[in-house]
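J.: I have a structure here, written as structure tokens, and I will follow up with some questions on it.
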Amino acid sequence: MESNIESNIESNIESNIEEKNNITNYYTIIENLLVVYEKNDYIKNKIHNLLISLPEFAEQENKKYEERLAKFNELLSEQDNFFKIFLSKHQYYYMPFNNIYYEYNGKTFKTINGDNIYYKLLSTITDEGKLIQWKHKTKQIMIKKIKERPVIKAMPETETIQSVINFLKTFFETKAEVKYFLTIIGDCILKKNNNNLYFVSSSLKKLLGFIDSVCYITTGNTILNNFITKYHDSHNLSNYRLLKISDSSEGISYDILKNIITDIGIDLLVVASHYSERYTNADNYLHFSCDNNQVKDYSLYLSNNNIENIVSNFMSCCIEVTNTIGPQINWNNMHYIWKQYMSSLNIPNILYTNNLQQYLMKYIQFINEDNHLIFIGVTSKYLPNVSSFLSFWDKYITVEESDKEYDYEIDELCALYKSSEYKNVSINDTTMINMIIHYFYQSVDIIEKKYITNIKCSLWNKEDDINEYLNYFKNLSSDKQTKKNDSKNDTYLISFDDLYQKYRTYFRSKSIVEKKQIFIVSKQYFEKYLLINLSKFIKFDKFLDVNIYLDI
């Protein structure tokens, strides 16, 4: 404090000394002039007049200066107000990475050509008139201000936020999950993700790919490095976070998703950045702002549980230790039960086979028979389902190598299972596809977790049914043609749709007559069979030329 006072005193003293020196210099200048022109009355008279008029001159100049200063301050104030009002009416933003301007209309963000902004700016200045003399100066300052407004720092309106949330509800079941996801994206954009890794499904990975494209084009940053689909033991389990996706999202097509993200991609980035700033980061959102404890517990499951806890929970839930050594579970079945347990929790597999075996061998007695691990003295409530399905598969399913790519849908296999002697053990579509993937992935092809290819079920030969109907159709058509005495040169086409409907009617009638369940193939399978086996009789892609077909 004392040093500041001393500094101010010294500054004032120096200022006073400088001012006195200036006054002394002025006197010296005048004295010198009078000495030089001592005998020149004309010049002395001029000096006299100048000195006499100096006060008036100083007053006039000071008045002009104050007027100019007042005008300058008025324009400066007008300019400042213009900036505020213009940016309020026209919300322009900019991203230096791609050198692109953006405009926000309160609903959505769109790119805009810089020339359009210049035109709007200059025409507004001209129309209002007050800043016309500062027209280009004002434009340059305004453009600089716009360039200091990155679009990802914009404040989105409620309508924009709600639009983005409504779209993402297709992928998540709750609003809390949507906000968590957006905050994660915002963390990635703003590079404050704290080394967290987020497990996602393939469906969400597709969405993330589109978002990443928009993000990179806009900011130069990528978001994909923080999202994974598989566990790696080199990672710290405490850094893992889970994101649960809604089953309904599976049906969104690639093209539709691409079009939506192209349309609202910038909106999504802005809302995501807004949430990241609002909640600090995604973990902070879970701990302090998320009002859904289920979302919080699920997302933090891996960071809140170590491997020992997870295996222990599995044992408590799925494995029953008996007092005898008779019951046993082989490794293949144990591994399946483990995968079912993890799937039921929507948790990715976080243990390699050897590691899981080592953990289980700590809790359960075991033997090794011909290098096959068997756990003894244990059973599981899931074993009846497994045993029942494997017996059904062994008895009725055969794997056939074929170029024709015939297949069964998983719901067809479930229906066949329920029609067999194993129907007392309930198995749904998801359980069945998981068992097929686990036990038979090496011998069958599984497409989209829905179609099982190159197998045949002795309970239902789909090709035989289609051939039976086609023979019936052929005989019926021949009889009609004979009765009508139609010329075989006439074209007689029947569409695949009509033919399939006739096939369905035929077997439904047969089911009623024979009083038994008869399965009906899907329209897709029916058409694929026709394309493969009756290709030479097909016209216009999906029409059967009946006359040519009858000639064979």
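Ligands are numbered from 1 in the order shown, chains are lettered A, B, ... in the order of the structure tokens, and residues start at 1 in each chain.
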Do a neighbour search on A:Val546 at 8 Å with only C-alpha atoms, toss out local chain neighbours closer than 3 positions, and write the hits as a PyMOL selection string.
T.: chain A and resi 491-494+537+549-550
J.: Where does DSSP see helix (DSSP H, G or I) in stretch 156-397 of chain A, if you list the residues as a CSV table (one decimal) with N, CA and C atoms, in the first residue's frame?
T.:
```
chain,number,residue,atom,x,y,z
A,158,THR,N,-35.2,-24.2,-26.2
A,158,THR,CA,-35.9,-25.4,-25.7
A,158,THR,C,-36.4,-26.3,-26.9
A,159,GLU,N,-36.9,-25.6,-27.9
A,159,GLU,CA,-37.5,-26.4,-29.1
A,159,GLU,C,-36.4,-27.2,-29.8
A,160,THR,N,-35.2,-26.7,-29.9
A,160,THR,CA,-34.1,-27.4,-30.5
A,160,THR,C,-33.7,-28.6,-29.6
A,161,ILE,N,-33.6,-28.4,-28.3
A,161,ILE,CA,-33.2,-29.4,-27.3
A,161,ILE,C,-34.2,-30.5,-27.4
A,162,GLN,N,-35.5,-30.2,-27.4
A,162,GLN,CA,-36.5,-31.2,-27.4
A,162,GLN,C,-36.6,-32.0,-28.7
A,163,SER,N,-36.3,-31.3,-29.8
A,163,SER,CA,-36.2,-32.0,-31.1
A,163,SER,C,-35.1,-33.1,-31.1
A,164,VAL,N,-34.0,-32.8,-30.6
A,164,VAL,CA,-32.9,-33.7,-30.5
A,164,VAL,C,-33.2,-34.9,-29.5
A,165,ILE,N,-33.8,-34.5,-28.4
A,165,ILE,CA,-34.1,-35.6,-27.4
A,165,ILE,C,-35.2,-36.5,-28.0
A,166,ASN,N,-36.2,-36.0,-28.7
A,166,ASN,CA,-37.2,-36.8,-29.3
A,166,ASN,C,-36.6,-37.8,-30.3
A,167,PHE,N,-35.7,-37.3,-31.1
A,167,PHE,CA,-35.0,-38.2,-32.0
A,167,PHE,C,-34.2,-39.3,-31.3
A,168,LEU,N,-33.5,-39.0,-30.3
A,168,LEU,CA,-32.7,-40.0,-29.6
A,168,LEU,C,-33.5,-40.9,-28.7
A,175,LYS,N,-35.5,-40.5,-20.8
A,175,LYS,CA,-34.9,-39.2,-21.0
A,175,LYS,C,-33.6,-39.1,-20.3
A,176,ALA,N,-33.4,-39.7,-19.2
A,176,ALA,CA,-32.2,-39.6,-18.4
A,176,ALA,C,-31.0,-40.3,-19.3
A,177,GLU,N,-31.3,-41.4,-20.0
A,177,GLU,CA,-30.3,-42.0,-20.8
A,177,GLU,C,-29.9,-41.1,-22.0
A,178,VAL,N,-30.9,-40.4,-22.5
A,178,VAL,CA,-30.7,-39.5,-23.7
A,178,VAL,C,-29.8,-38.4,-23.2
A,179,LYS,N,-30.0,-37.8,-22.1
A,179,LYS,CA,-29.2,-36.7,-21.6
A,179,LYS,C,-27.8,-37.1,-21.2
A,180,TYR,N,-27.7,-38.3,-20.7
A,180,TYR,CA,-26.4,-38.9,-20.4
A,180,TYR,C,-25.6,-39.1,-21.7
A,181,PHE,N,-26.2,-39.6,-22.7
A,181,PHE,CA,-25.6,-39.9,-24.0
A,181,PHE,C,-25.1,-38.5,-24.6
A,182,LEU,N,-26.0,-37.5,-24.6
A,182,LEU,CA,-25.6,-36.2,-25.1
A,182,LEU,C,-24.5,-35.6,-24.4
A,183,THR,N,-24.5,-35.7,-23.0
A,183,THR,CA,-23.4,-35.2,-22.2
A,183,THR,C,-22.1,-35.9,-22.6
A,184,ILE,N,-22.1,-37.2,-22.8
A,184,ILE,CA,-20.9,-37.9,-23.2
A,184,ILE,C,-20.4,-37.4,-24.6
A,185,ILE,N,-21.3,-37.2,-25.5
A,185,ILE,CA,-20.9,-36.7,-26.8
A,185,ILE,C,-20.3,-35.3,-26.7
A,186,GLY,N,-20.9,-34.4,-25.8
A,186,GLY,CA,-20.4,-33.1,-25.5
A,186,GLY,C,-19.0,-33.2,-24.9
A,187,ASP,N,-18.8,-34.1,-24.0
A,187,ASP,CA,-17.4,-34.3,-23.4
A,187,ASP,C,-16.4,-34.6,-24.5
A,188,CYS,N,-16.8,-35.5,-25.4
A,188,CYS,CA,-15.9,-35.9,-26.5
A,188,CYS,C,-15.6,-34.7,-27.4
A,189,ILE,N,-16.6,-33.9,-27.7
A,189,ILE,CA,-16.4,-32.7,-28.6
A,189,ILE,C,-15.4,-31.7,-27.9
A,202,SER,N,-23.8,-52.5,-31.7
A,202,SER,CA,-23.5,-52.2,-33.1
A,202,SER,C,-24.5,-51.2,-33.6
A,203,SER,N,-25.7,-51.2,-33.1
A,203,SER,CA,-26.7,-50.3,-33.6
A,203,SER,C,-26.3,-48.8,-33.2
A,204,LEU,N,-25.9,-48.7,-32.0
A,204,LEU,CA,-25.5,-47.3,-31.5
A,204,LEU,C,-24.2,-46.9,-32.2
A,205,LYS,N,-23.3,-47.9,-32.5
A,205,LYS,CA,-22.1,-47.6,-33.3
A,205,LYS,C,-22.4,-47.0,-34.6
A,206,LYS,N,-23.5,-47.5,-35.2
A,206,LYS,CA,-23.9,-46.9,-36.5
A,206,LYS,C,-24.3,-45.4,-36.4
A,207,LEU,N,-25.0,-45.1,-35.3
A,207,LEU,CA,-25.4,-43.7,-35.1
A,207,LEU,C,-24.2,-42.9,-34.8
A,208,LEU,N,-23.3,-43.4,-34.0
A,208,LEU,CA,-22.1,-42.7,-33.6
A,208,LEU,C,-21.2,-42.4,-34.8
A,209,GLY,N,-21.2,-43.3,-35.8
A,209,GLY,CA,-20.4,-43.1,-37.0
A,209,GLY,C,-20.9,-41.8,-37.8
A,210,PHE,N,-22.3,-41.7,-37.8
A,210,PHE,CA,-22.8,-40.5,-38.5
A,210,PHE,C,-22.5,-39.2,-37.7
A,211,ILE,N,-22.7,-39.3,-36.4
A,211,ILE,CA,-22.4,-38.1,-35.6
A,211,ILE,C,-21.0,-37.8,-35.7
A,212,ASP,N,-20.1,-38.8,-35.7
A,212,ASP,CA,-18.7,-38.5,-35.8
A,212,ASP,C,-18.3,-37.8,-37.1
A,213,SER,N,-19.0,-38.2,-38.2
A,213,SER,CA,-18.7,-37.5,-39.5
A,213,SER,C,-19.1,-36.0,-39.4
A,214,VAL,N,-20.2,-35.7,-38.8
A,214,VAL,CA,-20.6,-34.3,-38.7
A,214,VAL,C,-19.7,-33.6,-37.8
A,215,CYS,N,-19.3,-34.2,-36.7
A,215,CYS,CA,-18.4,-33.6,-35.7
A,215,CYS,C,-17.0,-33.3,-36.3
A,216,TYR,N,-16.5,-34.2,-37.1
A,216,TYR,CA,-15.1,-34.0,-37.6
A,216,TYR,C,-15.2,-32.9,-38.7
A,217,ILE,N,-16.2,-32.9,-39.5
A,217,ILE,CA,-16.3,-31.9,-40.6
A,217,ILE,C,-16.5,-30.5,-39.9
A,218,THR,N,-17.1,-30.5,-38.8
A,218,THR,CA,-17.4,-29.2,-38.1
A,218,THR,C,-16.3,-28.7,-37.2
A,219,THR,N,-15.7,-29.6,-36.4
A,219,THR,CA,-14.8,-29.2,-35.4
A,219,THR,C,-13.4,-29.7,-35.6
A,224,LEU,N,-15.1,-41.1,-31.8
A,224,LEU,CA,-15.2,-42.6,-31.7
A,224,LEU,C,-14.2,-43.2,-30.8
A,225,ASN,N,-13.1,-42.5,-30.5
A,225,ASN,CA,-12.0,-43.1,-29.7
A,225,ASN,C,-12.5,-43.5,-28.3
A,226,ASN,N,-13.6,-42.9,-27.8
A,226,ASN,CA,-14.1,-43.2,-26.5
A,226,ASN,C,-15.2,-44.2,-26.5
A,237,LEU,N,-10.9,-51.5,-15.5
A,237,LEU,CA,-12.3,-51.7,-15.4
A,237,LEU,C,-13.1,-50.5,-14.9
A,238,SER,N,-12.4,-49.7,-14.0
A,238,SER,CA,-13.1,-48.5,-13.4
A,238,SER,C,-13.3,-47.4,-14.4
A,239,ASN,N,-12.7,-47.5,-15.6
A,239,ASN,CA,-12.9,-46.5,-16.7
A,239,ASN,C,-14.0,-46.9,-17.6
A,247,ASP,N,-34.3,-51.7,-27.9
A,247,ASP,CA,-34.4,-52.8,-28.9
A,247,ASP,C,-35.1,-52.2,-30.2
A,248,SER,N,-35.9,-51.2,-30.0
A,248,SER,CA,-36.6,-50.6,-31.2
A,248,SER,C,-35.7,-49.9,-32.2
A,249,SER,N,-34.5,-49.6,-31.7
A,249,SER,CA,-33.6,-48.9,-32.6
A,249,SER,C,-33.0,-49.8,-33.7
A,250,GLU,N,-33.2,-51.1,-33.6
A,250,GLU,CA,-32.6,-52.0,-34.6
A,250,GLU,C,-33.3,-51.9,-35.9
A,251,GLY,N,-34.5,-51.3,-35.9
A,251,GLY,CA,-35.3,-51.2,-37.2
A,251,GLY,C,-35.0,-50.0,-38.0
A,254,TYR,N,-30.2,-47.7,-42.5
A,254,TYR,CA,-29.0,-46.9,-42.7
A,254,TYR,C,-29.3,-45.5,-43.4
A,255,ASP,N,-30.1,-45.6,-44.5
A,255,ASP,CA,-30.4,-44.3,-45.2
A,255,ASP,C,-31.2,-43.3,-44.4
A,256,ILE,N,-32.2,-43.8,-43.7
A,256,ILE,CA,-33.0,-42.9,-42.9
A,256,ILE,C,-32.2,-42.3,-41.8
A,257,LEU,N,-31.4,-43.1,-41.1
A,257,LEU,CA,-30.5,-42.5,-40.1
A,257,LEU,C,-29.5,-41.5,-40.6
A,258,LYS,N,-29.0,-41.8,-41.8
A,258,LYS,CA,-28.0,-40.8,-42.4
A,258,LYS,C,-28.7,-39.5,-42.7
A,259,ASN,N,-29.9,-39.6,-43.3
A,259,ASN,CA,-30.7,-38.4,-43.7
A,259,ASN,C,-31.0,-37.5,-42.4
A,260,ILE,N,-31.4,-38.2,-41.3
A,260,ILE,CA,-31.8,-37.5,-40.1
A,260,ILE,C,-30.6,-36.7,-39.5
A,261,ILE,N,-29.4,-37.4,-39.4
A,261,ILE,CA,-28.2,-36.8,-38.9
A,261,ILE,C,-27.7,-35.7,-39.8
A,262,THR,N,-27.8,-35.9,-41.1
A,262,THR,CA,-27.5,-34.8,-42.0
A,262,THR,C,-28.3,-33.6,-41.8
A,263,ASP,N,-29.6,-33.8,-41.4
A,263,ASP,CA,-30.5,-32.7,-41.2
A,263,ASP,C,-30.3,-32.0,-39.8
A,264,ILE,N,-30.1,-32.8,-38.8
A,264,ILE,CA,-30.1,-32.2,-37.4
A,264,ILE,C,-28.7,-32.4,-36.7
A,265,GLY,N,-27.7,-32.8,-37.5
A,265,GLY,CA,-26.4,-33.1,-36.9
A,265,GLY,C,-25.8,-31.9,-36.1
A,266,ILE,N,-25.9,-30.7,-36.7
A,266,ILE,CA,-25.3,-29.5,-36.0
A,266,ILE,C,-26.1,-29.3,-34.7
A,267,ASP,N,-27.5,-29.4,-34.8
A,267,ASP,CA,-28.3,-29.2,-33.6
A,267,ASP,C,-27.8,-30.2,-32.5
A,268,LEU,N,-27.6,-31.4,-32.9
A,268,LEU,CA,-27.2,-32.4,-31.9
A,268,LEU,C,-25.9,-32.1,-31.2
A,269,LEU,N,-24.9,-31.6,-32.0
A,269,LEU,CA,-23.6,-31.2,-31.5
A,269,LEU,C,-23.7,-30.1,-30.5
A,270,VAL,N,-24.6,-29.1,-30.9
A,270,VAL,CA,-24.7,-27.9,-30.0
A,270,VAL,C,-25.4,-28.3,-28.7
A,271,VAL,N,-26.4,-29.1,-28.8
A,271,VAL,CA,-27.1,-29.6,-27.6
A,271,VAL,C,-26.2,-30.4,-26.7
A,272,ALA,N,-25.4,-31.3,-27.3
A,272,ALA,CA,-24.5,-32.1,-26.6
A,272,ALA,C,-23.4,-31.2,-25.8
A,273,SER,N,-22.9,-30.2,-26.5
A,273,SER,CA,-21.9,-29.3,-25.9
A,273,SER,C,-22.6,-28.5,-24.8
A,274,HIS,N,-23.8,-28.1,-25.0
A,274,HIS,CA,-24.5,-27.4,-24.0
A,274,HIS,C,-24.7,-28.2,-22.7
A,275,TYR,N,-25.1,-29.5,-22.9
A,275,TYR,CA,-25.2,-30.4,-21.7
A,275,TYR,C,-23.9,-30.6,-21.0
A,276,SER,N,-22.8,-30.8,-21.8
A,276,SER,CA,-21.5,-31.0,-21.2
A,276,SER,C,-21.1,-29.8,-20.4
A,277,GLU,N,-21.3,-28.6,-20.9
A,277,GLU,CA,-21.0,-27.4,-20.1
A,277,GLU,C,-21.9,-27.3,-18.9
A,278,ARG,N,-23.2,-27.6,-19.1
A,278,ARG,CA,-24.2,-27.5,-18.0
A,278,ARG,C,-23.9,-28.4,-16.8
A,279,TYR,N,-23.5,-29.7,-17.1
A,279,TYR,CA,-23.3,-30.7,-16.1
A,279,TYR,C,-21.8,-30.9,-15.8
A,282,ALA,N,-20.0,-36.1,-18.0
A,282,ALA,CA,-21.0,-37.1,-18.0
A,282,ALA,C,-21.1,-37.8,-16.6
A,283,ASP,N,-19.9,-38.1,-16.0
A,283,ASP,CA,-19.9,-38.7,-14.7
A,283,ASP,C,-20.6,-37.7,-13.6
A,284,ASN,N,-20.3,-36.5,-13.8
A,284,ASN,CA,-20.9,-35.5,-12.9
A,284,ASN,C,-22.4,-35.5,-13.0
A,285,TYR,N,-22.9,-35.7,-14.3
A,285,TYR,CA,-24.3,-35.7,-14.5
A,285,TYR,C,-24.9,-36.9,-13.8
A,286,LEU,N,-24.3,-38.1,-13.8
A,286,LEU,CA,-24.8,-39.3,-13.2
A,286,LEU,C,-24.9,-39.1,-11.7
A,287,HIS,N,-23.8,-38.5,-11.1
A,287,HIS,CA,-23.7,-38.4,-9.7
A,287,HIS,C,-24.6,-37.4,-9.0
A,288,PHE,N,-24.8,-36.3,-9.8
A,288,PHE,CA,-25.5,-35.1,-9.1
A,288,PHE,C,-26.8,-34.7,-9.8
A,289,SER,N,-27.0,-35.1,-11.0
A,289,SER,CA,-28.2,-34.5,-11.8
A,289,SER,C,-29.1,-35.6,-12.3
A,293,ASN,N,-32.1,-43.7,-10.8
A,293,ASN,CA,-31.1,-44.5,-10.1
A,293,ASN,C,-30.8,-45.8,-11.0
A,294,GLN,N,-31.7,-46.3,-11.7
A,294,GLN,CA,-31.4,-47.5,-12.5
A,294,GLN,C,-30.4,-47.1,-13.6
A,295,VAL,N,-30.6,-46.0,-14.2
A,295,VAL,CA,-29.7,-45.5,-15.3
A,295,VAL,C,-28.3,-45.4,-14.7
A,296,LYS,N,-28.2,-44.7,-13.5
A,296,LYS,CA,-27.0,-44.5,-12.8
A,296,LYS,C,-26.3,-45.8,-12.4
A,297,ASP,N,-27.0,-46.7,-11.8
A,297,ASP,CA,-26.4,-48.0,-11.4
A,297,ASP,C,-25.9,-48.8,-12.6
A,298,TYR,N,-26.7,-48.8,-13.6
A,298,TYR,CA,-26.3,-49.6,-14.8
A,298,TYR,C,-25.1,-49.0,-15.5
A,299,SER,N,-25.1,-47.7,-15.7
A,299,SER,CA,-24.0,-47.1,-16.3
A,299,SER,C,-22.7,-47.2,-15.6
A,301,TYR,N,-22.0,-49.7,-13.5
A,301,TYR,CA,-21.9,-51.1,-13.0
A,301,TYR,C,-20.4,-51.6,-13.0
A,302,LEU,N,-19.7,-51.5,-14.0
A,302,LEU,CA,-18.4,-52.0,-14.1
A,302,LEU,C,-17.4,-51.2,-13.3
A,303,SER,N,-17.6,-49.9,-13.1
A,303,SER,CA,-16.7,-49.1,-12.3
A,303,SER,C,-17.0,-49.4,-10.8
A,304,ASN,N,-18.2,-49.8,-10.5
A,304,ASN,CA,-18.6,-50.0,-9.1
A,304,ASN,C,-18.4,-51.5,-8.6
A,307,ILE,N,-14.0,-57.7,-10.7
A,307,ILE,CA,-14.3,-59.1,-11.4
A,307,ILE,C,-14.8,-60.1,-10.3
A,308,GLU,N,-14.2,-60.0,-9.2
A,308,GLU,CA,-14.5,-61.0,-8.1
A,308,GLU,C,-16.0,-60.8,-7.7
A,309,ASN,N,-16.5,-59.6,-7.6
A,309,ASN,CA,-17.9,-59.3,-7.3
A,309,ASN,C,-18.8,-59.8,-8.4
A,310,ILE,N,-18.4,-59.6,-9.6
A,310,ILE,CA,-19.3,-60.0,-10.7
A,310,ILE,C,-19.4,-61.5,-10.8
A,311,VAL,N,-18.3,-62.2,-10.6
A,311,VAL,CA,-18.4,-63.7,-10.7
A,311,VAL,C,-19.1,-64.2,-9.5
A,312,SER,N,-18.9,-63.6,-8.3
A,312,SER,CA,-19.7,-64.0,-7.1
A,312,SER,C,-21.2,-63.8,-7.3
A,313,ASN,N,-21.6,-62.7,-7.9
A,313,ASN,CA,-23.0,-62.5,-8.2
A,313,ASN,C,-23.6,-63.5,-9.2
A,314,PHE,N,-22.8,-63.9,-10.1
A,314,PHE,CA,-23.1,-64.9,-11.1
A,314,PHE,C,-23.4,-66.2,-10.4
A,315,MET,N,-22.5,-66.6,-9.5
A,315,MET,CA,-22.7,-67.8,-8.7
A,315,MET,C,-23.9,-67.8,-7.9
A,316,SER,N,-24.2,-66.7,-7.2
A,316,SER,CA,-25.4,-66.6,-6.4
A,316,SER,C,-26.7,-66.7,-7.2
A,317,CYS,N,-26.6,-66.1,-8.4
A,317,CYS,CA,-27.9,-66.1,-9.2
A,317,CYS,C,-28.1,-67.3,-10.0
A,318,CYS,N,-27.0,-67.9,-10.5
A,318,CYS,CA,-27.2,-69.0,-11.6
A,318,CYS,C,-26.8,-70.4,-11.2
A,331,TRP,N,-18.0,-77.6,-19.2
A,331,TRP,CA,-17.6,-76.2,-19.4
A,331,TRP,C,-18.4,-75.5,-20.5
A,332,ASN,N,-18.8,-76.2,-21.5
A,332,ASN,CA,-19.6,-75.6,-22.6
A,332,ASN,C,-20.9,-75.1,-22.1
A,333,ASN,N,-21.5,-75.9,-21.2
A,333,ASN,CA,-22.8,-75.4,-20.6
A,333,ASN,C,-22.6,-74.3,-19.6
A,334,MET,N,-21.5,-74.4,-18.8
A,334,MET,CA,-21.2,-73.4,-17.8
A,334,MET,C,-21.0,-72.0,-18.5
A,335,HIS,N,-20.2,-72.1,-19.6
A,335,HIS,CA,-19.9,-70.9,-20.4
A,335,HIS,C,-21.2,-70.3,-21.0
A,336,TYR,N,-22.1,-71.1,-21.4
A,336,TYR,CA,-23.4,-70.6,-22.0
A,336,TYR,C,-24.2,-69.9,-20.9
A,337,ILE,N,-24.2,-70.5,-19.7
A,337,ILE,CA,-25.0,-69.9,-18.6
A,337,ILE,C,-24.4,-68.6,-18.2
A,338,TRP,N,-23.1,-68.5,-18.2
A,338,TRP,CA,-22.4,-67.3,-17.9
A,338,TRP,C,-22.8,-66.2,-18.9
A,339,LYS,N,-22.7,-66.5,-20.2
A,339,LYS,CA,-23.1,-65.6,-21.2
A,339,LYS,C,-24.5,-65.1,-21.1
A,340,GLN,N,-25.4,-66.1,-20.8
A,340,GLN,CA,-26.8,-65.7,-20.6
A,340,GLN,C,-27.0,-64.8,-19.4
A,341,TYR,N,-26.3,-65.0,-18.4
A,341,TYR,CA,-26.3,-64.1,-17.2
A,341,TYR,C,-25.9,-62.7,-17.6
A,342,MET,N,-24.7,-62.6,-18.3
A,342,MET,CA,-24.2,-61.3,-18.7
A,342,MET,C,-25.2,-60.6,-19.6
A,343,SER,N,-25.8,-61.4,-20.5
A,343,SER,CA,-26.8,-60.9,-21.5
A,343,SER,C,-28.0,-60.3,-20.7
A,344,SER,N,-28.5,-61.1,-19.7
A,344,SER,CA,-29.6,-60.6,-19.0
A,344,SER,C,-29.4,-59.3,-18.2
A,353,THR,N,-12.1,-66.6,-21.8
A,353,THR,CA,-12.4,-68.0,-21.4
A,353,THR,C,-11.5,-68.5,-20.3
A,354,ASN,N,-10.2,-68.4,-20.5
A,354,ASN,CA,-9.3,-68.9,-19.5
A,354,ASN,C,-9.4,-68.2,-18.1
A,355,ASN,N,-9.6,-66.9,-18.2
A,355,ASN,CA,-9.7,-66.2,-16.9
A,355,ASN,C,-11.0,-66.6,-16.2
A,356,LEU,N,-12.1,-66.7,-16.9
A,356,LEU,CA,-13.4,-67.1,-16.3
A,356,LEU,C,-13.2,-68.5,-15.7
A,357,GLN,N,-12.6,-69.4,-16.3
A,357,GLN,CA,-12.4,-70.7,-15.8
A,357,GLN,C,-11.6,-70.7,-14.5
A,358,GLN,N,-10.5,-69.8,-14.5
A,358,GLN,CA,-9.7,-69.7,-13.3
A,358,GLN,C,-10.5,-69.2,-12.1
A,359,TYR,N,-11.4,-68.2,-12.3
A,359,TYR,CA,-12.2,-67.7,-11.3
A,359,TYR,C,-13.2,-68.7,-10.7
A,360,LEU,N,-13.9,-69.4,-11.7
A,360,LEU,CA,-14.9,-70.4,-11.2
A,360,LEU,C,-14.2,-71.6,-10.5
A,361,MET,N,-13.0,-71.9,-10.9
A,361,MET,CA,-12.3,-73.0,-10.2
A,361,MET,C,-11.9,-72.7,-8.8
A,362,LYS,N,-12.0,-71.4,-8.4
A,362,LYS,CA,-11.8,-71.0,-7.0
A,362,LYS,C,-13.0,-71.4,-6.2
A,363,TYR,N,-14.2,-71.4,-6.8
A,363,TYR,CA,-15.4,-71.6,-6.0
A,363,TYR,C,-15.9,-73.0,-6.1
A,383,LEU,N,-30.2,-75.3,-16.8
A,383,LEU,CA,-29.8,-76.5,-17.5
A,383,LEU,C,-31.0,-77.2,-18.2
A,384,PRO,N,-32.2,-77.3,-17.6
A,384,PRO,CA,-33.3,-78.0,-18.3
A,384,PRO,C,-33.5,-77.4,-19.7
A,385,ASN,N,-33.5,-76.0,-19.8
A,385,ASN,CA,-33.7,-75.4,-21.1
A,385,ASN,C,-32.6,-75.8,-22.1
A,386,VAL,N,-31.3,-75.8,-21.6
A,386,VAL,CA,-30.2,-76.2,-22.5
A,386,VAL,C,-30.4,-77.7,-22.9
A,387,SER,N,-30.6,-78.6,-21.9
A,387,SER,CA,-30.7,-80.0,-22.2
A,387,SER,C,-31.8,-80.3,-23.2
A,388,SER,N,-33.0,-79.6,-23.0
A,388,SER,CA,-34.2,-79.8,-23.8
A,388,SER,C,-33.9,-79.4,-25.3
A,389,PHE,N,-33.3,-78.2,-25.4
A,389,PHE,CA,-33.0,-77.7,-26.8
A,389,PHE,C,-32.0,-78.5,-27.5
A,390,LEU,N,-30.9,-78.9,-26.8
A,390,LEU,CA,-29.9,-79.7,-27.5
A,390,LEU,C,-30.5,-81.1,-27.9
A,391,SER,N,-31.4,-81.6,-27.1
A,391,SER,CA,-32.0,-82.9,-27.5
A,391,SER,C,-32.9,-82.7,-28.7
A,392,PHE,N,-33.6,-81.6,-28.8
A,392,PHE,CA,-34.5,-81.3,-29.9
A,392,PHE,C,-33.6,-81.1,-31.2
A,393,TRP,N,-32.5,-80.4,-31.0
A,393,TRP,CA,-31.6,-80.2,-32.2
A,393,TRP,C,-31.0,-81.5,-32.7
A,394,ASP,N,-30.5,-82.3,-31.8
A,394,ASP,CA,-29.9,-83.6,-32.2
A,394,ASP,C,-30.9,-84.5,-32.9
A,395,LYS,N,-32.2,-84.4,-32.4
A,395,LYS,CA,-33.2,-85.4,-33.0
A,395,LYS,C,-33.7,-84.9,-34.3
A,396,TYR,N,-33.9,-83.6,-34.5
A,396,TYR,CA,-34.7,-83.1,-35.6
A,396,TYR,C,-33.9,-82.2,-36.6
```
J.: Do you know which residues are at most 8 Å from A:Thr379 counting only C-alpha atoms, after dropping those on the same chain fewer than 4 positions away, and could you put them as a CSV table (one decimal) with C-alpha atoms, in the first residue's frame?
T.:
```csv
chain,number,residue,atom,x,y,z
A,319,ILE,CA,-25.3,-71.8,-9.9
A,320,GLU,CA,-26.5,-74.0,-7.1
A,321,VAL,CA,-23.9,-75.9,-5.1
A,322,THR,CA,-25.2,-79.3,-3.9
A,327,PRO,CA,-24.6,-83.2,-10.4
A,328,GLN,CA,-22.2,-81.7,-12.8
A,329,ILE,CA,-22.0,-79.0,-15.5
A,383,LEU,CA,-29.8,-76.5,-17.5
```
J.: As a ChimeraX atom specification, list the residues of stretch 321-479 of chain A assigned to strand (DSSP E) by DSSP on the backbone atoms of this structure.
T.: /A:321,328-330,366-369,372-376,378-379,397-399,407-409,445-447,451-453,455-457
J.: Can you tell me, as a list in words, what residues are no more than 12 Å from A:Leu534 when counting only C-alpha atoms, ignoring any on the same chain fewer than 3 positions away?
T.: Ile466, Asn467, Leu470, Phe496, Phe526, Glu527, Lys528, Tyr529, Leu530, Leu531, Phe537, Ile538, Lys539, Asp541, Lys542, Phe543, Leu544, Asp545, Val546, Ile548, Tyr549, Leu550 and Ile552 of chain A
